[in-house]
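**Q** Supplied in structure tokens, the structure appears directly below.
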Amino acid sequence: MRRTSMVLACVALASGVFASQALGQVPVPGSLDESGNHRVAGVEPGMQVSKAPVPEWGITSANWLTIGSGSFTPIISGWTWSQNFWWRWATTGGNTYWDASLTLPSGTKVTHFVVEAYDNSASGDVRVTFATCPNLSSSCTYTGLGQTSGTPGYTWLTVVLPSPITIDNNMNSYHVRVRLDSGDDTNSFRSVSFKYELQVSPAPGVASFTDVPTSYWAFQYIEALKASGITQGVTPTTYEPESNVTRAQMAVFLAKALGLHWPN
């Protein structure tokens, strides 16, 4: 196997399988029946459904991260609320807001999110929005507003962001806000699921190796693995991208990419 082929395998593993396990990949949301029982889209009651997630393979990997309602906090502590099977609703008779933090690695791209909601109110809706809050700032930018208007009963409310957001934990924090209009059990929610993609770092402007110039087809991936400490050059200035990889070198690549270690 050539060194460039090994590089792509390591990038796929590091950004796909390992990250999916570490962050908790979940299947694409399905639906609920009128009794609140969970169903999977396209599957009739009584059919056997596999609960194992199906990874989306590739250099970048699409995954789901779900935040359950138990992780949401009413932004005013005096509000009262009730829950049943983790469906939460307000009992204040008016609008309530619920916030939760989103934790993903820097560089992750968020494209949209899905709210597990119940709306049986003639006038009130379940509303949700995504917040980007710069560090050391008193304000946040809200985007991707969605609401259940015209969708009675249990539903999956999908909100596509106007443009994908790349997570930058050094500069910002990220949150999701759910608003329940009715103030009673006719508006409730149980979870918010974010779809994200793990991205390879942007290519630097200067090459680290003389035999891997910026025009080389695998330049971005070789530089990403070098910056992460997964691989180094054959010499301090050369990488030999077309050379074959030994089994020993493959072991080093894979162990570093997957973060393998002995249990404590």
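Convention: chains lettered A, B, ... in structure tokens order; per-chain residue numbering from 1; ligands numbered from 1 as shown.
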What are the DSSP strand (DSSP E or B) residues of segment 101-248 of chain A, as number ranges by chain?

**A** A: 101-102, 109-119, 126-134, 141-147, 153-166, 172-180, 187-198, 244

**Q** Output the selection as an mmCIF file, in the first residue's frame - C-alpha atoms for each residue.

**A**
data_model
loop_
_atom_site.group_PDB
_atom_site.id
_atom_site.type_symbol
_atom_site.label_atom_id
_atom_site.label_comp_id
_atom_site.auth_asym_id
_atom_site.auth_seq_id
_atom_site.Cartn_x
_atom_site.Cartn_y
_atom_site.Cartn_z
ATOM 1 C CA SER A 101 -25.250 24.005 24.996
ATOM 2 C CA LEU A 102 -23.926 22.237 21.909
ATOM 3 C CA LYS A 109 -19.544 21.633 10.263
ATOM 4 C CA VAL A 110 -23.182 21.833 11.420
ATOM 5 C CA THR A 111 -25.721 21.839 8.569
ATOM 6 C CA HIS A 112 -29.146 21.428 10.203
ATOM 7 C CA PHE A 113 -30.996 20.139 13.244
ATOM 8 C CA VAL A 114 -34.230 18.280 13.987
ATOM 9 C CA VAL A 115 -36.597 18.886 16.929
ATOM 10 C CA GLU A 116 -38.756 16.117 18.371
ATOM 11 C CA ALA A 117 -41.864 18.178 19.085
ATOM 12 C CA TYR A 118 -45.550 17.973 19.960
ATOM 13 C CA ASP A 119 -47.932 20.759 18.969
ATOM 14 C CA VAL A 126 -42.939 25.030 19.326
ATOM 15 C CA ARG A 127 -40.127 27.245 18.062
ATOM 16 C CA VAL A 128 -36.374 26.621 17.940
ATOM 17 C CA THR A 129 -33.254 28.540 16.922
ATOM 18 C CA PHE A 130 -29.479 28.093 16.947
ATOM 19 C CA ALA A 131 -27.213 30.583 18.745
ATOM 20 C CA THR A 132 -23.569 31.479 18.151
ATOM 21 C CA CYS A 133 -22.189 33.442 21.107
ATOM 22 C CA PRO A 134 -18.746 35.093 20.750
ATOM 23 C CA THR A 141 -26.337 35.648 16.832
ATOM 24 C CA TYR A 142 -29.490 33.561 16.309
ATOM 25 C CA THR A 143 -30.070 31.681 13.065
ATOM 26 C CA GLY A 144 -32.107 28.820 11.637
ATOM 27 C CA LEU A 145 -35.494 29.693 13.147
ATOM 28 C CA GLY A 146 -38.101 26.950 12.835
ATOM 29 C CA GLN A 147 -41.600 26.449 14.212
ATOM 30 C CA GLY A 153 -49.576 16.380 16.768
ATOM 31 C CA TYR A 154 -46.201 14.670 17.091
ATOM 32 C CA THR A 155 -43.659 15.747 14.494
ATOM 33 C CA TRP A 156 -39.992 16.006 13.571
ATOM 34 C CA LEU A 157 -39.312 19.685 12.869
ATOM 35 C CA THR A 158 -36.318 19.961 10.529
ATOM 36 C CA VAL A 159 -34.442 23.290 10.488
ATOM 37 C CA VAL A 160 -31.809 23.802 7.785
ATOM 38 C CA LEU A 161 -29.280 26.517 8.668
ATOM 39 C CA PRO A 162 -29.075 29.334 6.079
ATOM 40 C CA SER A 163 -25.406 28.439 5.703
ATOM 41 C CA PRO A 164 -23.352 25.700 7.412
ATOM 42 C CA ILE A 165 -21.636 26.742 10.637
ATOM 43 C CA THR A 166 -18.079 25.588 11.327
ATOM 44 C CA ASN A 172 -17.443 31.074 20.330
ATOM 45 C CA SER A 173 -19.834 28.944 22.321
ATOM 46 C CA TYR A 174 -22.904 27.367 20.715
ATOM 47 C CA HIS A 175 -26.408 26.831 22.043
ATOM 48 C CA VAL A 176 -29.910 25.852 20.993
ATOM 49 C CA ARG A 177 -33.051 27.574 22.279
ATOM 50 C CA VAL A 178 -36.537 26.052 22.289
ATOM 51 C CA ARG A 179 -39.599 28.238 22.866
ATOM 52 C CA LEU A 180 -42.939 26.770 23.960
ATOM 53 C CA ASN A 187 -46.734 22.417 23.306
ATOM 54 C CA SER A 188 -43.847 20.145 24.330
ATOM 55 C CA PHE A 189 -40.512 18.763 23.096
ATOM 56 C CA ARG A 190 -38.231 15.822 23.887
ATOM 57 C CA SER A 191 -34.962 16.258 21.974
ATOM 58 C CA VAL A 192 -32.978 18.240 19.421
ATOM 59 C CA SER A 193 -30.676 16.315 17.039
ATOM 60 C CA PHE A 194 -27.855 18.073 15.177
ATOM 61 C CA LYS A 195 -26.420 16.802 11.916
ATOM 62 C CA TYR A 196 -22.714 17.496 11.660
ATOM 63 C CA GLU A 197 -19.794 16.661 9.401
ATOM 64 C CA LEU A 198 -16.201 16.177 10.515
ATOM 65 C CA ASN A 244 5.078 1.597 -0.076
#

**Q** Any idea what's packed within 6 Å of segment 212-225 of chain A, counting only C-alpha atoms, ignoring anything in its chain fewer than 6 positions away? Could you give it as number ranges by chain?

**A** A: 201, 203, 231

**Q** Could you save those same residues with C-alpha atoms as a compact mmCIF listing (two decimals), in the first residue's frame?

**A**
# COMPACT_ATOMS: atom_id res chain seq x y z
CA SER A 201 -8.24 20.98 8.27
CA ALA A 203 -4.49 23.21 3.63
CA THR A 231 2.55 10.89 10.67

**Q** Given only C-alpha atoms as the basis, pick out the residue of A:Thr108, A:Thr186, A:Ser138, A:Gln199 nearest to Trp87 of chain A.

**A**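 Of all the options, A:Thr186 lies closest to Trp87 of chain A.
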
**Q** Rank A:Ala100, A:Ala255, A:Ala90, A:Ile167 by their smallest atom-to-atom distance to Phe72 of chain A, using only C-alpha atoms, and report the top residue only.

**A**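 Looking only at the distances to Phe72 of chain A, the closest residue turns out to be A:Ala100.
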
**Q** Report the distance between atom CA of Phe253 of chain A and atom CA of Val200 of chain A in Å, rounded to one decimal place.

**A**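 Between atom CA of Phe253 of chain A and atom CA of Val200 of chain A the gap is 16.5 Å.
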
**Q** Find the distance between atom CA of Ala122 of chain A and atom CA of Asn95 of chain A and write it in Å to one decimal.

**A**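 Calculated distance between atom CA of Ala122 of chain A and atom CA of Asn95 of chain A is 14.5 Å.
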
**Q** Go through A:Asn170, A:Ser137, A:Ser182, A:Asn120 and flag the residue nearest Pro152 of chain A, using only C-alpha atoms for the distances.

**A**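 Among the listed residues, A:Asn120 lies closest to Pro152 of chain A.
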
**Q** Figure out the distance between atom CA of Ser71 of chain A and atom CA of Thr96 of chain A, please, to one decimal in Å.

**A**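 So the two atoms, atom CA of Thr96 of chain A and atom CA of Ser71 of chain A, lie 15.6 Å apart.
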